[in-house]
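Asks: Enclosed is the structure file data.pdb (PDB, C-alpha atoms).
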ATOM      1  CA  MET A   5     -37.901 -56.244-145.993  1.00  0.00           C
ATOM      2  CA  THR A   6     -37.261 -59.845-146.934  1.00  0.00           C
ATOM      3  CA  ASN A   7     -39.510 -62.720-145.862  1.00  0.00           C
ATOM      4  CA  GLY A   8     -41.792 -60.196-144.167  1.00  0.00           C
ATOM      5  CA  VAL A   9     -45.470 -59.511-144.486  1.00  0.00           C
ATOM      6  CA  ASP A  10     -46.554 -56.239-145.977  1.00  0.00           C
ATOM      7  CA  VAL A  11     -49.070 -54.853-143.512  1.00  0.00           C
ATOM      8  CA  ARG A  12     -50.984 -52.850-146.113  1.00  0.00           C
ATOM      9  CA  THR A  13     -51.392 -55.882-148.337  1.00  0.00           C
ATOM     10  CA  ALA A  14     -52.464 -58.084-145.430  1.00  0.00           C
ATOM     11  CA  ALA A  15     -55.002 -55.479-144.274  1.00  0.00           C
ATOM     12  CA  ALA A  16     -56.413 -55.086-147.783  1.00  0.00           C
ATOM     13  CA  GLU A  17     -56.805 -58.855-148.102  1.00  0.00           C
ATOM     14  CA  PHE A  18     -58.303 -59.378-144.628  1.00  0.00           C
ATOM     15  CA  ASP A  19     -61.882 -60.660-144.687  1.00  0.00           C
ATOM     16  CA  ARG A  20     -63.718 -59.308-141.610  1.00  0.00           C
ATOM     17  CA  SER A  21     -66.689 -61.556-142.296  1.00  0.00           C
ATOM     18  CA  ALA A  22     -64.444 -64.561-141.679  1.00  0.00           C
ATOM     19  CA  VAL A  23     -64.030 -63.502-138.047  1.00  0.00           C
ATOM     20  CA  ALA A  24     -67.561 -62.197-137.400  1.00  0.00           C
ATOM     21  CA  ASP A  25     -68.410 -65.120-135.111  1.00  0.00           C
ATOM     22  CA  VAL A  26     -65.258 -64.618-133.036  1.00  0.00           C
ATOM     23  CA  GLU A  27     -65.900 -60.870-132.829  1.00  0.00           C
ATOM     24  CA  SER A  28     -69.464 -61.516-131.663  1.00  0.00           C
ATOM     25  CA  ALA A  29     -68.270 -64.022-129.046  1.00  0.00           C
ATOM     26  CA  ALA A  30     -65.693 -61.513-127.765  1.00  0.00           C
ATOM     27  CA  GLU A  31     -68.384 -58.850-127.433  1.00  0.00           C
ATOM     28  CA  ASP A  32     -70.608 -61.283-125.522  1.00  0.00           C
ATOM     29  CA  GLU A  33     -67.699 -62.052-123.157  1.00  0.00           C
ATOM     30  CA  ARG A  34     -67.012 -58.337-122.656  1.00  0.00           C
ATOM     31  CA  LYS A  35     -70.649 -57.785-121.706  1.00  0.00           C
ATOM     32  CA  GLN A  36     -70.508 -60.760-119.319  1.00  0.00           C
ATOM     33  CA  VAL A  37     -67.457 -59.327-117.541  1.00  0.00           C
ATOM     34  CA  LEU A  38     -69.052 -55.892-117.240  1.00  0.00           C
ATOM     35  CA  SER A  39     -72.319 -57.357-115.956  1.00  0.00           C
ATOM     36  CA  GLN A  40     -70.534 -59.305-113.214  1.00  0.00           C
ATOM     37  CA  PHE A  41     -67.935 -56.598-112.481  1.00  0.00           C
ATOM     38  CA  PRO A  42     -69.429 -53.201-113.372  1.00  0.00           C
ATOM     39  CA  LEU A  43     -66.832 -50.436-113.503  1.00  0.00           C
ATOM     40  CA  GLU A  44     -68.763 -48.361-110.970  1.00  0.00           C
ATOM     41  CA  ASP A  45     -68.521 -51.203-108.401  1.00  0.00           C
ATOM     42  CA  TRP A  46     -64.726 -51.581-108.502  1.00  0.00           C
ATOM     43  CA  ALA A  47     -64.043 -48.966-105.816  1.00  0.00           C
ATOM     44  CA  GLU A  48     -65.751 -51.273-103.297  1.00  0.00           C
ATOM     45  CA  LEU A  49     -65.026 -54.682-104.876  1.00  0.00           C
ATOM     46  CA  PRO A  50     -64.011 -57.110-102.106  1.00  0.00           C
ATOM     47  CA  LEU A  51     -60.837 -59.152-102.442  1.00  0.00           C
ATOM     48  CA  GLU A  52     -62.944 -62.327-102.355  1.00  0.00           C
ATOM     49  CA  ARG A  53     -64.475 -61.317-105.703  1.00  0.00           C
ATOM     50  CA  TYR A  54     -61.086 -60.619-107.316  1.00  0.00           C
ATOM     51  CA  ALA A  55     -58.405 -63.123-106.416  1.00  0.00           C
ATOM     52  CA  LEU A  56     -57.804 -66.711-107.427  1.00  0.00           C
ATOM     53  CA  GLY A  57     -57.325 -69.481-104.890  1.00  0.00           C
ATOM     54  CA  GLN A  58     -59.862 -68.665-102.234  1.00  0.00           C
ATOM     55  CA  GLY A  59     -61.930 -71.817-102.562  1.00  0.00           C
ATOM     56  CA  ALA A  60     -65.184 -70.273-103.741  1.00  0.00           C
ATOM     57  CA  PRO A  61     -68.281 -72.224-102.718  1.00  0.00           C
ATOM     58  CA  THR A  62     -69.767 -74.504-105.339  1.00  0.00           C
ATOM     59  CA  GLY A  63     -72.269 -72.722-107.540  1.00  0.00           C
ATOM     60  CA  SER A  64     -70.978 -69.248-106.741  1.00  0.00           C
ATOM     61  CA  ARG A  65     -69.955 -66.767-109.407  1.00  0.00           C
ATOM     62  CA  PRO A  66     -66.301 -66.861-110.443  1.00  0.00           C
ATOM     63  CA  THR A  67     -63.801 -64.340-109.205  1.00  0.00           C
ATOM     64  CA  TYR A  68     -62.678 -61.667-111.638  1.00  0.00           C
ATOM     65  CA  CYS A  69     -59.337 -63.405-112.149  1.00  0.00           C
ATOM     66  CA  ARG A  70     -60.958 -66.806-112.793  1.00  0.00           C
ATOM     67  CA  LEU A  71     -63.405 -65.265-115.262  1.00  0.00           C
ATOM     68  CA  MET A  72     -60.639 -63.434-117.127  1.00  0.00           C
ATOM     69  CA  GLU A  73     -58.316 -66.434-117.219  1.00  0.00           C
ATOM     70  CA  PHE A  74     -60.762 -69.202-118.058  1.00  0.00           C
ATOM     71  CA  GLY A  75     -64.062 -67.622-119.131  1.00  0.00           C
ATOM     72  CA  THR A  76     -63.087 -65.131-121.831  1.00  0.00           C
ATOM     73  CA  PRO A  77     -61.113 -66.992-124.513  1.00  0.00           C
ATOM     74  CA  HIS A  78     -62.311 -64.724-127.331  1.00  0.00           C
ATOM     75  CA  LEU A  79     -61.256 -61.499-125.588  1.00  0.00           C
ATOM     76  CA  GLY A  80     -57.658 -62.672-125.517  1.00  0.00           C
ATOM     77  CA  SER A  81     -56.830 -65.799-123.603  1.00  0.00           C
ATOM     78  CA  ILE A  82     -54.560 -65.608-120.568  1.00  0.00           C
ATOM     79  CA  LYS A  83     -55.181 -69.240-119.629  1.00  0.00           C
ATOM     80  CA  GLY A  84     -52.348 -71.185-118.079  1.00  0.00           C
ATOM     81  CA  GLY A  85     -48.927 -70.263-116.864  1.00  0.00           C
ATOM     82  CA  SER A  86     -48.358 -68.648-113.518  1.00  0.00           C
ATOM     83  CA  ALA A  87     -51.097 -67.058-111.430  1.00  0.00           C
ATOM     84  CA  ALA A  88     -48.584 -64.269-110.723  1.00  0.00           C
ATOM     85  CA  LYS A  89     -50.014 -62.465-113.771  1.00  0.00           C
ATOM     86  CA  HIS A  90     -52.970 -61.566-111.545  1.00  0.00           C
ATOM     87  CA  ILE A  91     -50.659 -59.467-109.325  1.00  0.00           C
ATOM     88  CA  MET A  92     -51.984 -61.075-106.156  1.00  0.00           C
ATOM     89  CA  TYR A  93     -53.523 -64.470-105.483  1.00  0.00           C
ATOM     90  CA  HIS A  94     -54.095 -66.941-102.694  1.00  0.00           C
ATOM     91  CA  HIS A  95     -51.679 -69.835-103.192  1.00  0.00           C
ATOM     92  CA  ASN A  96     -52.783 -73.392-102.424  1.00  0.00           C
ATOM     93  CA  SER A  97     -50.218 -73.391 -99.588  1.00  0.00           C
ATOM     94  CA  GLY A  98     -52.469 -70.928 -97.748  1.00  0.00           C
ATOM     95  CA  GLU A  99     -50.156 -68.006 -98.384  1.00  0.00           C
ATOM     96  CA  TRP A 100     -50.916 -64.867-100.342  1.00  0.00           C
ATOM     97  CA  ARG A 101     -48.543 -64.202-103.228  1.00  0.00           C
ATOM     98  CA  LEU A 102     -48.003 -60.540-104.054  1.00  0.00           C
ATOM     99  CA  SER A 103     -46.148 -58.845-106.897  1.00  0.00           C
ATOM    100  CA  ALA A 104     -43.068 -56.755-106.118  1.00  0.00           C
ATOM    101  CA  PRO A 105     -44.796 -53.380-105.572  1.00  0.00           C
ATOM    102  CA  LEU A 106     -47.079 -54.992-102.967  1.00  0.00           C
ATOM    103  CA  ARG A 107     -44.551 -57.170-101.153  1.00  0.00           C
ATOM    104  CA  GLY A 108     -44.633 -56.960 -97.390  1.00  0.00           C
ATOM    105  CA  MET A 109     -48.162 -55.598 -97.293  1.00  0.00           C
ATOM    106  CA  ASP A 110     -51.135 -57.154 -95.545  1.00  0.00           C
ATOM    107  CA  PRO A 111     -53.403 -58.742 -98.203  1.00  0.00           C
ATOM    108  CA  GLN A 112     -56.255 -56.292 -97.549  1.00  0.00           C
ATOM    109  CA  ASP A 113     -53.900 -53.315 -97.809  1.00  0.00           C
ATOM    110  CA  ALA A 114     -52.350 -54.771-100.964  1.00  0.00           C
ATOM    111  CA  TRP A 115     -55.820 -55.260-102.424  1.00  0.00           C
ATOM    112  CA  ALA A 116     -56.790 -51.669-101.582  1.00  0.00           C
ATOM    113  CA  GLU A 117     -53.723 -50.436-103.496  1.00  0.00           C
ATOM    114  CA  LEU A 118     -54.306 -52.748-106.473  1.00  0.00           C
ATOM    115  CA  ARG A 119     -58.043 -52.003-106.598  1.00  0.00           C
ATOM    116  CA  GLY A 120     -57.324 -48.275-106.452  1.00  0.00           C
ATOM    117  CA  GLN A 121     -55.017 -48.576-109.430  1.00  0.00           C
ATOM    118  CA  PHE A 122     -57.665 -50.483-111.373  1.00  0.00           C
ATOM    119  CA  VAL A 123     -60.149 -47.674-110.654  1.00  0.00           C
ATOM    120  CA  ARG A 124     -57.605 -45.025-111.724  1.00  0.00           C
ATOM    121  CA  ALA A 125     -56.917 -47.015-114.892  1.00  0.00           C
ATOM    122  CA  PHE A 126     -60.622 -47.280-115.750  1.00  0.00           C
ATOM    123  CA  ASP A 127     -61.071 -43.551-115.137  1.00  0.00           C
ATOM    124  CA  ALA A 128     -58.003 -42.664-117.232  1.00  0.00           C
ATOM    125  CA  VAL A 129     -59.109 -44.816-120.154  1.00  0.00           C
ATOM    126  CA  GLY A 130     -62.627 -43.380-119.936  1.00  0.00           C
ATOM    127  CA  ALA A 131     -61.104 -39.907-120.217  1.00  0.00           C
ATOM    128  CA  GLY A 132     -58.814 -40.956-123.083  1.00  0.00           C
ATOM    129  CA  ASP A 133     -55.727 -40.325-120.918  1.00  0.00           C
ATOM    130  CA  PHE A 134     -53.760 -43.426-121.863  1.00  0.00           C
ATOM    131  CA  GLU A 135     -50.456 -41.897-120.761  1.00  0.00           C
ATOM    132  CA  ALA A 136     -51.707 -41.930-117.147  1.00  0.00           C
ATOM    133  CA  LEU A 137     -51.559 -45.728-117.264  1.00  0.00           C
ATOM    134  CA  ASP A 138     -47.759 -45.571-117.241  1.00  0.00           C
ATOM    135  CA  ASP A 139     -47.866 -44.256-113.663  1.00  0.00           C
ATOM    136  CA  LEU A 140     -49.770 -47.265-112.295  1.00  0.00           C
ATOM    137  CA  GLU A 141     -46.828 -49.291-111.010  1.00  0.00           C
ATOM    138  CA  VAL A 142     -48.839 -52.115-109.440  1.00  0.00           C
ATOM    139  CA  LEU A 143     -50.753 -52.799-112.655  1.00  0.00           C
ATOM    140  CA  ARG A 144     -47.478 -52.928-114.569  1.00  0.00           C
ATOM    141  CA  ALA A 145     -46.029 -55.572-112.237  1.00  0.00           C
ATOM    142  CA  HIS A 146     -45.234 -58.705-114.133  1.00  0.00           C
ATOM    143  CA  GLU A 147     -42.462 -60.699-112.512  1.00  0.00           C
ATOM    144  CA  PRO A 148     -43.313 -63.795-110.474  1.00  0.00           C
ATOM    145  CA  SER A 149     -43.696 -63.160-106.785  1.00  0.00           C
ATOM    146  CA  THR A 150     -41.633 -64.707-104.075  1.00  0.00           C
ATOM    147  CA  ALA A 151     -43.250 -62.715-101.278  1.00  0.00           C
ATOM    148  CA  ARG A 152     -45.567 -64.723 -99.083  1.00  0.00           C
ATOM    149  CA  THR A 153     -47.834 -63.968 -96.191  1.00  0.00           C
ATOM    150  CA  ARG A 154     -50.129 -66.144 -94.142  1.00  0.00           C
ATOM    151  CA  ALA A 155     -52.320 -63.228 -93.149  1.00  0.00           C
ATOM    152  CA  ASN A 156     -55.941 -63.748 -94.061  1.00  0.00           C
ATOM    153  CA  PRO A 157     -57.989 -60.798 -95.259  1.00  0.00           C
TER     154      PRO A 157
END
Could you render the structure as structure tokens?

Replies:
Amino acid sequence: MTNGVDVRTAAAEFDRSAVADVESAAEDERKQVLSQFPLEDWAELPLERYALGQGAPTGSRPTYCRLMEFGTPHLGSIKGGSAAKHIMYHHNSGEWRLSAPLRGMDPQDAWAELRGQFVRAFDAVGAGDFEALDDLEVLRAHEPSTARTRANP
């Protein structure tokens, strides 16, 4: 390979102590997410605690999507770009935007489907069944949504 990086050499030269602070910050963020959104609570998590754009009252805890996008930079930033990456969100126009697998659904029904796939994903990962994740179509949705609904959950 020309002009490439040899992975073995790079790994041998990598100094873990140089990233200890970042690793610690990421672990703190992971714990924060799990304390605010425990895995065992996801089966009943209300849409108001998940989606962006619902005008949360001042001083309230952030939604899951807000926390992941803006409050966890060391875990792997997803800040910026389109809110479509969250699969469903409440647009500032007052409409709900839903990814392709959820299009045409009422927001509460769409949330029930999305939430169910999150729960199945958490269970699969906990069991080490990573192949099961491939079957979770809603969680794999990634294209921007054009579907809109004015229905309020």

Asks: Would you pick out the contacts of stretch 74-76 of chain A at 12 Å or less, using only C-alpha atoms, so that residues sharing its chain but fewer than 4 positions from it are not included, and give the list as a PyMOL selection string?

Replies: chain A and resi 26+29-38+56+65-70+80-85+87

Asks: Using all atoms listed in the file, find the one residue out of A:Ala145, A:Met109, A:Leu102, A:Ala88 that sits nearest to A:Gln121.

Replies: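 Going through A:Ala145, A:Met109, A:Leu102, A:Ala88 one by one, the smallest distance to A:Gln121 is for A:Ala145.
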
Asks: Rounded to one decimal place, report the atom CA of A:Leu143-atom CA of A:Trp115 distance in Å.

Replies: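 Going from atom CA of A:Leu143 over to atom CA of A:Trp115 covers 11.7 Å.
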
Asks: So what do you get for atom CA of A:His90 versus atom CA of A:Pro111, distance-wise?

Replies: 13.6 Å

Asks: Return the padded bounding box of stretch 78-97 of chain A as JSON: axis-aligned, built from all atoms listed in the file, 5 Å added on each side, with centre and edge lengths in Å to one decimal.

Replies:
{"center_x": -55.3, "center_y": -66.4, "center_z": -113.5, "size_x": 24.0, "size_y": 23.9, "size_z": 37.7}

Asks: When you draw a straight line from atom CA of A:Ser64 to atom CA of A:Ser28, how long is it in Å?

Replies: 26.1 Å

Asks: Applying 12 Å and all atoms listed in the file, which residues near A:Ala114 remain after dropping the ones on its own chain fewer than 5 positions away? List them as a list in words.

Replies: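 In the requested format, the answer is Pro50, Leu51, Ala55, Ile91, Met92, Tyr93, Trp100, Arg101, Leu102, Ser103, Ala104, Pro105, Leu106, Arg107, Gly108, Met109, Arg119, Gly120, Gln121, Val142, Leu143, Thr153, Ala155, Asn156 and Pro157 of chain A.
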
Asks: So what does the PyMOL selection byres ((chain A and resi 126-133) around 12) actually pick up in this one, as a PyMOL selection string?

Replies: chain A and resi 42-47+119-125+134-140+143

Asks: Write a file of the selected residues as a PDB file, keeping the file's coordinate frame, keeping C-alpha atoms.

Replies:
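Wrote it out as selection_10.pdb, contents follow:
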ATOM      1  CA  PRO A  42     -69.429 -53.201-113.372  1.00  0.00           C
ATOM      2  CA  LEU A  43     -66.832 -50.436-113.503  1.00  0.00           C
ATOM      3  CA  GLU A  44     -68.763 -48.361-110.970  1.00  0.00           C
ATOM      4  CA  ASP A  45     -68.521 -51.203-108.401  1.00  0.00           C
ATOM      5  CA  TRP A  46     -64.726 -51.581-108.502  1.00  0.00           C
ATOM      6  CA  ALA A  47     -64.043 -48.966-105.816  1.00  0.00           C
ATOM      7  CA  ARG A 119     -58.043 -52.003-106.598  1.00  0.00           C
ATOM      8  CA  GLY A 120     -57.324 -48.275-106.452  1.00  0.00           C
ATOM      9  CA  GLN A 121     -55.017 -48.576-109.430  1.00  0.00           C
ATOM     10  CA  PHE A 122     -57.665 -50.483-111.373  1.00  0.00           C
ATOM     11  CA  VAL A 123     -60.149 -47.674-110.654  1.00  0.00           C
ATOM     12  CA  ARG A 124     -57.605 -45.025-111.724  1.00  0.00           C
ATOM     13  CA  ALA A 125     -56.917 -47.015-114.892  1.00  0.00           C
ATOM     14  CA  PHE A 134     -53.760 -43.426-121.863  1.00  0.00           C
ATOM     15  CA  GLU A 135     -50.456 -41.897-120.761  1.00  0.00           C
ATOM     16  CA  ALA A 136     -51.707 -41.930-117.147  1.00  0.00           C
ATOM     17  CA  LEU A 137     -51.559 -45.728-117.264  1.00  0.00           C
ATOM     18  CA  ASP A 138     -47.759 -45.571-117.241  1.00  0.00           C
ATOM     19  CA  ASP A 139     -47.866 -44.256-113.663  1.00  0.00           C
ATOM     20  CA  LEU A 140     -49.770 -47.265-112.295  1.00  0.00           C
ATOM     21  CA  LEU A 143     -50.753 -52.799-112.655  1.00  0.00           C
TER      22      LEU A 143
END

Asks: For a quick check of understanding, using only C-alpha atoms, which of A:Phe18, A:Gly57, A:Glu141, A:Glu52 has the smallest distance to A:Gly98?

Replies: A:Gly57
